[in-house]
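Source file: target12.cif (mmCIF, C-alpha atoms and all ligand atoms)
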```cif
data_final
#
loop_
_atom_site.label_atom_id
_atom_site.label_comp_id
_atom_site.auth_asym_id
_atom_site.auth_seq_id
_atom_site.Cartn_x
_atom_site.Cartn_y
_atom_site.Cartn_z
CA MET A 58 8.30 -21.21 -5.19
CA ILE A 59 4.65 -21.51 -6.15
CA LEU A 60 2.59 -21.85 -2.98
CA PRO A 61 -0.18 -24.43 -2.83
CA SER A 62 -3.58 -22.81 -2.25
CA GLN A 63 -3.70 -21.17 1.20
CA ARG A 64 -7.48 -21.15 1.26
CA HIS A 65 -7.57 -23.34 4.37
CA LEU A 66 -6.14 -20.37 6.35
CA PHE A 67 -9.24 -18.26 5.56
CA GLY A 68 -12.91 -18.59 6.38
CA MET A 69 -13.97 -18.19 2.73
CA PRO A 70 -17.10 -20.00 1.57
CA ARG A 71 -16.32 -22.49 -1.23
CA ASP A 72 -18.73 -20.79 -3.63
CA VAL A 73 -16.94 -17.43 -3.40
CA CYS A 74 -14.28 -16.68 -6.01
CA TYR A 75 -12.71 -13.55 -4.58
CA LEU A 76 -10.48 -11.71 -7.06
CA ASN A 77 -10.55 -8.33 -5.37
CA ALA A 78 -7.52 -8.09 -3.07
CA ALA A 79 -6.88 -4.58 -4.44
CA TYR A 80 -10.17 -3.56 -2.79
CA MET A 81 -9.54 -5.33 0.51
CA THR A 82 -8.01 -8.67 1.53
CA PRO A 83 -9.91 -11.02 3.85
CA GLN A 84 -8.59 -11.67 7.36
CA THR A 85 -6.97 -15.02 8.06
CA ILE A 86 -8.56 -17.27 10.67
CA ARG A 87 -5.44 -16.66 12.78
CA MET A 88 -6.10 -12.90 12.64
CA GLU A 89 -9.70 -13.48 13.77
CA GLU A 90 -8.38 -15.45 16.74
CA VAL A 91 -5.84 -12.76 17.60
CA GLY A 92 -8.60 -10.14 17.24
CA ASP A 93 -10.96 -12.10 19.54
CA TRP A 94 -8.24 -11.89 22.18
CA SER A 95 -7.01 -8.34 21.48
CA LEU A 96 -10.51 -6.83 21.43
CA ARG A 97 -11.00 -8.11 24.97
CA LEU A 98 -7.81 -6.56 26.35
CA LYS A 99 -9.64 -3.37 27.24
CA SER A 100 -12.23 -5.32 29.21
CA ARG A 101 -9.50 -5.78 31.82
CA PRO A 102 -7.65 -2.43 31.88
CA TRP A 103 -6.08 -3.25 35.24
CA GLU A 104 -4.02 -5.82 33.34
CA LEU A 105 -2.75 -3.28 30.79
CA ALA A 106 0.56 -1.94 32.09
CA PRO A 107 2.23 1.25 30.80
CA ALA A 108 4.80 -1.01 29.06
CA ASP A 109 1.96 -2.45 26.96
CA PHE A 110 1.60 0.95 25.28
CA PHE A 111 5.01 0.31 23.73
CA THR A 112 5.88 -3.37 23.40
CA GLU A 113 3.31 -4.55 20.80
CA VAL A 114 3.74 -1.48 18.64
CA GLU A 115 7.53 -1.94 18.64
CA LYS A 116 7.07 -5.52 17.45
CA LEU A 117 4.81 -4.25 14.66
CA ARG A 118 7.39 -1.67 13.63
CA SER A 119 10.08 -4.38 13.47
CA VAL A 120 8.07 -6.81 11.41
CA PHE A 121 7.08 -4.11 8.90
CA ALA A 122 10.70 -2.96 8.72
CA ARG A 123 11.74 -6.51 7.74
CA LEU A 124 9.29 -6.42 4.85
CA ILE A 125 11.00 -3.40 3.26
CA ASP A 126 14.61 -4.00 4.42
CA ALA A 127 14.54 -1.01 6.77
CA SER A 128 15.17 -0.58 10.47
CA ALA A 129 12.36 -0.41 13.05
CA ASP A 130 13.58 3.11 13.83
CA ASP A 131 12.51 4.22 10.35
CA ILE A 132 8.86 3.17 10.78
CA ALA A 133 5.85 5.06 12.13
CA ILE A 134 2.39 3.63 12.73
CA THR A 135 -0.37 5.76 11.19
CA PRO A 136 -4.11 5.32 10.56
CA SER A 137 -4.19 5.72 6.78
CA ALA A 138 -2.06 6.07 3.69
CA SER A 139 -3.25 9.69 3.51
CA TYR A 140 -1.84 10.41 6.96
CA GLY A 141 1.65 9.39 5.83
CA LEU A 142 1.38 11.53 2.71
CA ALA A 143 0.24 14.44 4.90
CA ILE A 144 3.52 14.14 6.84
CA ALA A 145 5.50 14.19 3.60
CA ALA A 146 3.49 17.17 2.31
CA LYS A 147 3.86 19.12 5.54
CA ASN A 148 7.63 18.92 5.21
CA LEU A 149 7.98 19.74 1.53
CA LYS A 150 8.84 23.39 0.92
CA PRO A 151 9.08 23.58 -2.86
CA ALA A 152 10.24 26.73 -4.61
CA LYS A 153 7.71 28.76 -6.61
CA ASP A 154 7.34 27.29 -10.13
CA SER A 155 9.16 24.08 -9.18
CA ARG A 156 7.34 20.87 -10.14
CA ILE A 157 5.71 18.00 -8.29
CA LEU A 158 5.66 14.91 -10.48
CA LEU A 159 2.59 12.64 -10.40
CA LEU A 160 0.96 10.09 -12.68
CA GLU A 161 -2.21 11.04 -14.49
CA GLU A 162 -5.23 9.50 -12.75
CA GLN A 163 -3.10 8.45 -9.80
CA PHE A 164 -5.03 7.53 -6.65
CA PRO A 165 -6.44 10.73 -5.08
CA SER A 166 -4.76 10.23 -1.67
CA ASN A 167 -1.47 10.85 -3.47
CA VAL A 168 -2.77 13.88 -5.42
CA TYR A 169 -4.82 16.05 -3.02
CA PRO A 170 -1.96 16.76 -0.57
CA TRP A 171 0.20 17.93 -3.47
CA MET A 172 -2.59 20.13 -4.82
CA ARG A 173 -2.61 21.88 -1.46
CA VAL A 174 1.21 22.18 -1.40
CA ALA A 175 1.14 23.60 -4.94
CA GLU A 176 -1.56 26.11 -3.99
CA GLN A 177 0.41 27.29 -0.97
CA SER A 178 3.87 27.39 -2.54
CA GLY A 179 3.30 28.29 -6.19
CA ALA A 180 4.81 24.96 -7.29
CA LYS A 181 3.14 23.25 -10.25
CA LEU A 182 1.76 19.74 -10.56
CA GLU A 183 3.22 17.80 -13.47
CA PHE A 184 1.08 14.81 -14.45
CA VAL A 185 2.67 12.05 -16.55
CA PRO A 186 0.03 10.47 -18.82
CA MET A 187 -0.18 6.70 -19.37
CA PRO A 188 1.68 5.88 -22.62
CA SER A 189 -0.19 3.71 -25.14
CA ASP A 190 2.43 0.93 -24.70
CA TYR A 191 2.05 1.11 -20.90
CA ASP A 192 5.76 1.91 -20.46
CA MET A 193 5.14 4.12 -17.44
CA THR A 194 8.76 3.80 -16.27
CA GLY A 195 10.03 5.20 -19.59
CA ALA A 196 7.50 8.05 -19.44
CA VAL A 197 8.46 9.01 -15.87
CA LEU A 198 12.20 8.82 -16.60
CA ASP A 199 11.76 10.96 -19.74
CA ARG A 200 9.96 13.63 -17.75
CA ILE A 201 12.65 13.58 -15.04
CA GLU A 202 15.41 13.93 -17.66
CA THR A 203 13.54 16.82 -19.31
CA LEU A 204 12.77 18.78 -16.15
CA GLY A 205 15.75 17.69 -14.01
CA ASP A 206 16.21 19.73 -10.86
CA GLN A 207 13.11 21.80 -11.55
CA ILE A 208 11.27 18.87 -9.95
CA ALA A 209 11.06 19.19 -6.16
CA LEU A 210 9.34 15.89 -5.53
CA ALA A 211 8.04 12.81 -7.34
CA ALA A 212 4.99 11.30 -5.61
CA LEU A 213 4.43 7.88 -7.15
CA PRO A 214 3.08 4.37 -6.69
CA HIS A 215 4.91 1.15 -7.54
CA HIS A 216 1.86 -0.14 -9.39
CA TYR A 217 -0.97 1.83 -10.83
CA TRP A 218 -4.02 1.32 -8.61
CA SER A 219 -6.57 0.59 -11.33
CA ASN A 220 -4.69 -1.74 -13.69
CA GLY A 221 -1.36 -2.75 -12.09
CA VAL A 222 0.89 -0.93 -14.62
CA LYS A 223 4.30 -0.77 -13.00
CA VAL A 224 6.88 1.91 -12.37
CA ASP A 225 10.44 0.60 -12.00
CA LEU A 226 11.17 2.34 -8.71
CA ALA A 227 14.86 1.41 -8.60
CA ALA A 228 15.40 3.25 -11.92
CA VAL A 229 13.23 6.19 -10.82
CA GLY A 230 15.06 6.32 -7.47
CA ARG A 231 18.40 6.61 -9.30
CA ALA A 232 17.07 9.40 -11.53
CA CYS A 233 15.68 11.26 -8.49
CA ARG A 234 19.03 11.10 -6.72
CA LYS A 235 20.79 12.40 -9.83
CA TYR A 236 18.73 15.63 -9.71
CA GLY A 237 18.17 15.92 -5.94
CA ILE A 238 14.45 15.15 -6.31
CA ARG A 239 12.56 13.92 -3.24
CA LEU A 240 10.64 10.68 -3.69
CA ALA A 241 7.39 9.91 -1.82
CA LEU A 242 5.83 6.52 -2.50
CA ASP A 243 2.33 5.23 -1.93
CA LEU A 244 2.83 1.45 -1.89
CA THR A 245 -0.73 0.61 -0.78
CA GLN A 246 -1.40 -1.26 -4.02
CA SER A 247 1.75 -3.36 -4.07
CA LEU A 248 3.55 -3.88 -0.77
CA GLY A 249 3.14 -7.44 0.48
CA ALA A 250 2.49 -8.81 -3.00
CA VAL A 251 5.49 -7.43 -4.89
CA PRO A 252 9.07 -7.52 -3.57
CA PHE A 253 10.33 -4.10 -2.54
CA SER A 254 13.45 -2.94 -0.69
CA VAL A 255 14.34 0.57 0.44
CA ARG A 256 17.94 -0.39 -0.33
CA ASP A 257 17.14 -0.62 -4.05
CA VAL A 258 15.08 2.57 -4.25
CA ASP A 259 16.18 4.90 -1.43
CA PRO A 260 12.88 6.80 -1.20
CA ASP A 261 12.34 9.72 1.16
CA TYR A 262 8.96 8.50 2.39
CA ILE A 263 6.71 5.48 1.98
CA THR A 264 3.11 5.13 2.99
CA ALA A 265 1.10 1.90 2.77
CA ALA A 266 -2.37 1.21 4.15
CA ALA A 267 -2.55 -2.23 5.78
CA TYR A 268 -5.99 -3.43 4.71
CA LYS A 269 -5.19 -4.40 1.13
CA TRP A 270 -2.08 -6.40 0.18
CA LEU A 271 -0.75 -6.30 3.76
CA PHE A 272 -3.81 -8.26 5.01
CA GLY A 273 -4.12 -5.94 8.01
CA PRO A 274 -7.14 -4.39 9.68
CA TYR A 275 -8.68 -1.10 8.57
CA ILE A 276 -7.26 2.05 10.27
CA VAL A 277 -3.73 0.72 10.40
CA SER A 278 -1.15 2.03 8.00
CA TYR A 279 2.64 2.20 7.87
CA PHE A 280 4.94 5.11 7.19
CA TYR A 281 8.65 4.99 6.43
CA ALA A 282 10.87 8.05 6.68
CA ALA A 283 14.45 7.78 5.45
CA PRO A 284 16.92 8.56 8.23
CA ARG A 285 17.70 11.87 6.48
CA ASN A 286 14.07 12.96 7.02
CA GLN A 287 13.62 11.92 10.62
CA ALA A 288 14.02 15.48 11.91
CA ASP A 289 10.90 16.50 9.94
CA LEU A 290 7.85 17.80 11.76
CA PRO A 291 5.06 15.37 12.70
CA ILE A 292 1.38 16.07 12.11
CA GLU A 293 0.60 15.90 15.83
CA GLU A 294 2.55 16.91 18.92
CA ASN A 295 1.53 13.81 20.77
CA TRP A 296 2.53 13.08 24.38
CA ILE A 297 3.52 9.49 23.70
CA ASN A 298 5.91 10.42 20.88
CA ARG A 299 8.09 12.47 23.20
CA ALA A 300 11.24 11.20 24.92
CA GLY A 301 10.61 9.58 28.28
CA SER A 302 6.89 8.98 27.68
CA GLU A 303 7.27 5.48 29.19
CA ASP A 304 7.36 7.23 32.57
CA PHE A 305 3.65 7.89 33.01
CA ALA A 306 4.25 9.57 36.36
CA GLY A 307 6.65 12.08 34.81
CA LEU A 308 4.65 13.19 31.75
CA VAL A 309 4.47 16.81 32.82
CA HIS A 310 8.23 17.09 32.77
CA TYR A 311 7.66 18.38 29.24
CA GLN A 312 10.28 17.20 26.79
CA LYS A 313 11.75 18.98 23.80
CA GLU A 314 13.03 15.70 22.35
CA TYR A 315 10.97 13.13 20.52
CA LEU A 316 11.33 9.36 20.75
CA PRO A 317 14.10 8.21 18.39
CA GLY A 318 13.81 7.87 14.62
CA ALA A 319 10.45 7.95 12.86
CA ARG A 320 8.46 7.37 16.08
CA ARG A 321 7.77 11.12 16.19
CA PHE A 322 5.40 10.61 13.23
CA ASP A 323 3.23 7.98 14.97
CA VAL A 324 -0.47 8.82 15.19
CA GLY A 325 -1.88 9.48 18.65
CA GLU A 326 -3.14 6.33 20.41
CA ARG A 327 -0.99 4.22 18.13
CA ALA A 328 -0.80 1.55 20.87
CA ASN A 329 -4.22 0.62 19.40
CA PHE A 330 -4.56 -2.52 21.57
CA ALA A 331 -7.30 -4.14 19.50
CA LEU A 332 -5.76 -3.79 16.04
CA VAL A 333 -1.98 -3.73 16.42
CA PRO A 334 -1.70 -7.46 17.32
CA MET A 335 -3.89 -8.31 14.31
CA ALA A 336 -1.76 -6.19 12.01
CA ARG A 337 1.35 -7.98 13.27
CA ALA A 338 -0.22 -11.42 12.78
CA ALA A 339 -0.99 -10.40 9.19
CA LEU A 340 2.57 -9.23 8.45
CA GLU A 341 4.05 -12.35 10.04
CA GLN A 342 1.85 -14.45 7.76
CA ILE A 343 3.13 -12.53 4.73
CA LEU A 344 6.75 -13.05 5.80
CA ASP A 345 5.98 -16.70 6.38
CA TRP A 346 4.60 -17.11 2.84
CA GLY A 347 7.47 -14.98 1.49
CA VAL A 348 6.74 -12.01 -0.80
CA VAL A 349 8.68 -13.55 -3.71
CA ASN A 350 6.56 -16.71 -3.38
CA ILE A 351 3.35 -14.68 -3.12
CA ALA A 352 4.24 -12.77 -6.29
CA GLU A 353 5.10 -15.95 -8.20
CA THR A 354 1.92 -17.69 -7.04
CA ILE A 355 -0.39 -14.81 -7.92
CA ALA A 356 1.33 -14.31 -11.27
CA GLY A 357 0.24 -17.85 -12.20
CA HIS A 358 -3.38 -17.09 -11.30
CA SER A 359 -3.21 -13.79 -13.22
CA ARG A 360 -1.98 -15.57 -16.36
CA ALA A 361 -4.84 -18.10 -16.24
CA ILE A 362 -7.43 -15.39 -15.55
CA GLY A 363 -5.95 -13.13 -18.25
CA GLU A 364 -6.47 -15.93 -20.77
CA ILE A 365 -10.17 -16.18 -19.83
CA PHE A 366 -10.63 -12.43 -20.31
CA ARG A 367 -8.64 -12.44 -23.57
CA ARG A 368 -10.93 -15.16 -24.97
CA ALA A 369 -13.89 -12.98 -23.95
CA GLY A 370 -12.50 -10.12 -26.12
CA PHE A 371 -10.73 -8.00 -23.48
CA GLU A 372 -7.30 -6.42 -23.96
CA ILE A 373 -4.90 -7.53 -21.23
CA ILE A 374 -2.03 -5.28 -20.17
CA PRO A 375 1.16 -7.19 -21.12
CA GLY A 376 2.81 -9.13 -18.27
CA ASP A 377 6.12 -7.23 -18.51
CA LYS A 378 4.39 -3.84 -18.08
CA ARG A 379 2.32 -4.67 -15.00
CA GLY A 380 2.53 -6.29 -11.59
CA PRO A 381 2.13 -10.00 -10.99
CA HIS A 382 -0.75 -9.26 -8.62
CA LEU A 383 -2.91 -6.64 -10.26
CA MET A 384 -4.12 -6.75 -13.83
CA GLY A 385 -6.36 -4.53 -15.90
CA ALA A 386 -8.55 -6.16 -18.55
CA LEU A 387 -9.77 -3.47 -20.92
CA SER A 388 -13.12 -3.81 -22.56
CA LYS A 389 -13.33 -2.48 -26.14
CA ASP A 390 -16.93 -1.44 -25.54
CA PRO A 391 -18.43 0.12 -22.43
CA LEU A 392 -19.11 -2.65 -19.92
CA PRO A 393 -22.76 -3.63 -19.39
CA GLU A 394 -24.14 -1.85 -16.32
CA ASP A 395 -24.88 -5.13 -14.58
CA PHE A 396 -21.41 -6.62 -15.34
CA LEU A 397 -20.33 -6.89 -11.70
CA VAL A 398 -23.76 -7.92 -10.43
CA LYS A 399 -23.94 -10.76 -12.97
CA LEU A 400 -20.51 -12.02 -11.96
CA GLN A 401 -21.47 -11.82 -8.29
CA GLU A 402 -24.57 -13.90 -8.99
CA HIS A 403 -22.09 -16.59 -10.01
CA GLY A 404 -19.91 -16.07 -6.94
CA VAL A 405 -17.17 -14.00 -8.63
CA TYR A 406 -16.00 -10.75 -7.02
CA LEU A 407 -14.00 -8.16 -8.99
CA SER A 408 -13.81 -4.38 -9.36
CA VAL A 409 -14.31 -2.12 -12.33
CA ARG A 410 -12.34 1.12 -12.69
CA GLY A 411 -13.45 3.02 -15.79
CA ARG A 412 -13.33 0.64 -18.80
CA SER A 413 -10.87 -1.56 -16.97
CA VAL A 414 -11.83 -4.66 -15.03
CA ARG A 415 -9.43 -4.85 -12.09
CA ILE A 416 -8.34 -8.39 -11.35
CA ALA A 417 -6.50 -8.99 -8.10
CA PRO A 418 -6.14 -12.64 -7.06
CA HIS A 419 -4.19 -13.94 -4.07
CA VAL A 420 -2.82 -17.08 -2.49
CA TYR A 421 -6.30 -18.22 -1.35
CA ASN A 422 -7.41 -18.63 -4.97
CA ASP A 423 -7.24 -22.03 -6.61
CA ALA A 424 -8.16 -23.98 -9.75
CA GLU A 425 -11.81 -24.22 -8.68
CA ASP A 426 -11.99 -20.41 -8.52
CA ILE A 427 -10.56 -20.10 -12.01
CA GLU A 428 -13.14 -22.59 -13.30
CA ARG A 429 -15.90 -20.66 -11.55
CA LEU A 430 -14.75 -17.46 -13.26
CA ALA A 431 -14.57 -19.16 -16.69
CA ARG A 432 -18.13 -20.47 -16.20
CA ALA A 433 -19.42 -17.09 -14.98
CA MET A 434 -17.95 -15.30 -18.02
CA THR A 435 -19.99 -17.51 -20.35
CA PHE A 436 -23.20 -16.11 -18.78
CA LEU A 437 -22.34 -12.48 -19.53
C1 LIG B 501 -3.17 3.57 -4.12
C2 LIG B 501 -4.02 3.75 -2.90
N1 LIG B 501 -3.55 4.51 -1.91
C3 LIG B 501 -4.26 4.69 -0.79
C4 LIG B 501 -5.51 4.12 -0.63
C5 LIG B 501 -6.25 4.33 0.64
O1 LIG B 501 -5.92 5.54 1.27
P1 LIG B 501 -6.29 5.81 2.79
O2 LIG B 501 -5.57 4.78 3.61
O3 LIG B 501 -5.80 7.18 3.05
O4 LIG B 501 -7.77 5.67 2.92
C6 LIG B 501 -6.04 3.34 -1.66
C7 LIG B 501 -7.40 2.76 -1.54
O5 LIG B 501 -8.00 2.29 -2.47
C8 LIG B 501 -5.26 3.14 -2.81
O6 LIG B 501 -5.71 2.36 -3.81
#
```
So that I can check it, write out the structure of this file as structure tokens.
Amino acid sequence: MILPSQRHLFGMPRDVCYLNAAYMTPQTIRMEEVGDWSLRLKSRPWELAPADFFTEVEKLRSVFARLIDASADDIAITPSASYGLAIAAKNLKPAKDSRILLLEEQFPSNVYPWMRVAEQSGAKLEFVPMPSDYDMTGAVLDRIETLGDQIALAALPHHYWSNGVKVDLAAVGRACRKYGIRLALDLTQSLGAVPFSVRDVDPDYITAAAYKWLFGPYIVSYFYAAPRNQADLPIEENWINRAGSEDFAGLVHYQKEYLPGARRFDVGERANFALVPMARAALEQILDWGVVNIAETIAGHSRAIGEIFRRAGFEIIPGDKRGPHLMGALSKDPLPEDFLVKLQEHGVYLSVRGRSVRIAPHVYNDAEDIERLARAMTFL
């Protein structure tokens, strides 16, 4: 279902055409209200009971789990996408000369941890370049078929961060299982805007920062560990992640056991009273819109915007090779230095990554925004 514009749920000025969700989504008015309340919780600490260190965060785990078809037990709350990848990296023990599969020019958070693992283990990084026809799935599958069980881990996104080119993760998941390859996913640039289910892909780990397509606050991120990896080591040995931590009076009865499932991977102070309720409000809004509906709605905006860029001489990555939400428009010539500034003067907000203009609309965009963009492009 195509959603009518949801702009009324946001405090966006009418003269702002914001097409930069891949950079950061705006908060909803509801999230601001929740935040006004949650920020004040610590003004009255006598009202914060030990149970409050657990209840909100458990609700957040559950709502995120629904989004990816997992169980709340499989979810940890972390502060950044990088933190989740650090957990995955800490637990990968690749053989010398085995390979770690990455995409060329993948986002650095999903490259640096593997550089370190490679340095320490003697494994080699294997970068898959972007094919000229943008068939990234075909390129990844080819490389997996060629190297087979020499690959210890594939560390991939669902959609390429700078232009939305997609990787069919269900197909890649099948190929990884065939050769016993671990699969770590950074879904920061897709989850919330593109349907995804762990049942279709069966990854080992997922990380996703909240502040982009998940509409959450900064310094909240989600981490999924498949049940088979829930005995892995966490980054921290935090008191609250140990069994029995609800009993504040008994904390020095040191425990060998962790809390069940992926809770052992939670960051310290994950109760995060100010931000956790806001993050939950954001995820509930996404579930309320429905990810399939979000994707269909944004795809319509992307088509209309793509047409404007095509008329202005840009090459648009074909719809079947990219996400509905994130679209690269490639300029044949280097972009003028003041490209973004000029657009901003006309109220249009976008990003540029290399020669690619990164276009990332959302459900708050409407026909007036598209007209504003079309007008702004005539002034370039
Ligand atoms: C693909 C991708 N992963 C992760 C991040 C952010 O990483 P972190 O949460 O570690 O700051 C970004 C930010 O632009 C991103 O585009």
Excluding A:Cys74 and residues on its chain fewer than 4 positions from it, collect all residues at most 10 Å away from it, counting all atoms listed in the file, and give them as number ranges by chain. A: 69-70, 400-401, 403-407, 418, 421-423, 425-430
I need the residues from that last selection saved to file as a compact mmCIF listing (two decimals), keeping the file's coordinate frame (with C-alpha atoms), if you can.
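File written: selection_30.txt
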```
# COMPACT_ATOMS: atom_id res chain seq x y z
CA MET A 69 -13.97 -18.19 2.73
CA PRO A 70 -17.10 -20.00 1.57
CA LEU A 400 -20.51 -12.02 -11.96
CA GLN A 401 -21.47 -11.82 -8.29
CA HIS A 403 -22.09 -16.59 -10.01
CA GLY A 404 -19.91 -16.07 -6.94
CA VAL A 405 -17.17 -14.00 -8.63
CA TYR A 406 -16.00 -10.75 -7.02
CA LEU A 407 -14.00 -8.16 -8.99
CA PRO A 418 -6.14 -12.64 -7.06
CA TYR A 421 -6.30 -18.22 -1.35
CA ASN A 422 -7.41 -18.63 -4.97
CA ASP A 423 -7.24 -22.03 -6.61
CA GLU A 425 -11.81 -24.22 -8.68
CA ASP A 426 -11.99 -20.41 -8.52
CA ILE A 427 -10.56 -20.10 -12.01
CA GLU A 428 -13.14 -22.59 -13.30
CA ARG A 429 -15.90 -20.66 -11.55
CA LEU A 430 -14.75 -17.46 -13.26
```
A:Gly411 surroundings by all atoms listed in the file, 10 Å radius, close-in-sequence under 5 positions cut, as a list in words: Ser219, Leu387, Ser388, Pro391 and Leu392 of chain A
Expected file contents, prior selection, C-alpha atoms, as a tab-separated table (two decimals), keeping the file's coordinate frame:
```tsv
chain	number	residue	atom	x	y	z
A	219	SER	CA	-6.57	0.59	-11.33
A	387	LEU	CA	-9.77	-3.47	-20.92
A	388	SER	CA	-13.12	-3.81	-22.56
A	391	PRO	CA	-18.43	0.12	-22.43
A	392	LEU	CA	-19.11	-2.65	-19.92
```
Interatomic distance, atom CA of A:Ala431 to atom CA of A:Ile365 (Å, one decimal):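 Separating atom CA of A:Ala431 from atom CA of A:Ile365 is a distance of 6.2 Å.
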Please, what is the axis-aligned box for every listed atom of ligand LIG 501 (chain B) with 5 Å on each side, as centre and edge lengths in Å to one decimal, as lines of an AutoDock Vina configuration file?
```
center_x = -5.6
center_y = 4.7
center_z = -0.3
size_x = 14.8
size_y = 14.9
size_z = 17.7
```
Which residues are near A:Ile355? Cut-off 8 Å, all atoms listed in the file, ignore same chain within fewer than 2 positions. Put them as a list in words.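 Non-adjacent residues within range: Ile351, Ala352, Glu353, Gly357, His358, Ser359, Pro381, His382, Pro418, His419 and Val420 of chain A.
Proximity of A:Leu397, A:Val251, A:Leu244, A:Ile238 to ligand LIG 501 (chain B), computed with all atoms listed in the file, is greatest for A:Leu244.
Between atom CA of A:Phe110 and atom CA of A:Ala328 the interatomic distance comes to 5.1 Å.
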List every protein, DNA or RNA residue that has an atom no more than 6 Å from (-10.4, -13.8, -11.8) in the file's coordinate frame, counting only C-alpha atoms, and report them as a PDB file with C-alpha atoms, in the coordinates of the input.
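Okay, this is what ended up in point-v4.pdb:
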```pdb
ATOM      1  CA  LEU A  76     -10.480 -11.710  -7.060  1.00  0.00           C
ATOM      2  CA  ILE A 362      -7.430 -15.390 -15.550  1.00  0.00           C
ATOM      3  CA  ILE A 416      -8.340  -8.390 -11.350  1.00  0.00           C
ATOM      4  CA  LEU A 430     -14.750 -17.460 -13.260  1.00  0.00           C
TER       5      LEU A 430
END
```
Of the residues A:Val222, A:Leu60, A:Ala283, A:Ala386, which is the one nearest to A:Met193, using all atoms listed in the file?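 Closest to A:Met193 of all the choices is A:Val222.
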Exercise answer, 9 Å around ligand LIG 501 (chain B) with all atoms listed in the file, as a count of residues only: 35
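The interatomic distance for the pair atom CA of A:Ser302 and atom CA of A:Pro284 works out to 21.9 Å.
The nearest approach to A:Pro252 among the residues A:Phe366, A:Tyr236, A:Tyr75, A:Trp270, with only C-alpha atoms taken into account, belongs to A:Trp270.
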Selected residue of minimal separation from A:Gly380 among A:Arg299, A:His215, A:Lys235, A:Arg327, counting only C-alpha atoms: A:His215
Nearest to A:Arg415: which of A:Asn220, A:Arg118, A:Asp225, A:Arg285 is it, counting all atoms listed in the file? A:Asn220
For A:Phe305, which residue out of A:Glu183, A:Ala288, A:Ala106, A:Gly318 is the nearest one, using all atoms listed in the file?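 Closest to A:Phe305, using all atoms listed in the file: A:Ala106.
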Within 8 Å of A:Asp131, counting only C-alpha atoms, which residues show up once you throw out same-chain ones fewer than 2 positions away? Write them as a list of chain:residue names, please.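 Skipping anything fewer than 2 positions along the chain leaves A:Ala122, A:Ala127, A:Ser128, A:Ala129, A:Ala133, A:Tyr281, A:Ala282, A:Ala283, A:Pro284, A:Gln287, A:Gly318, A:Ala319, A:Arg320.
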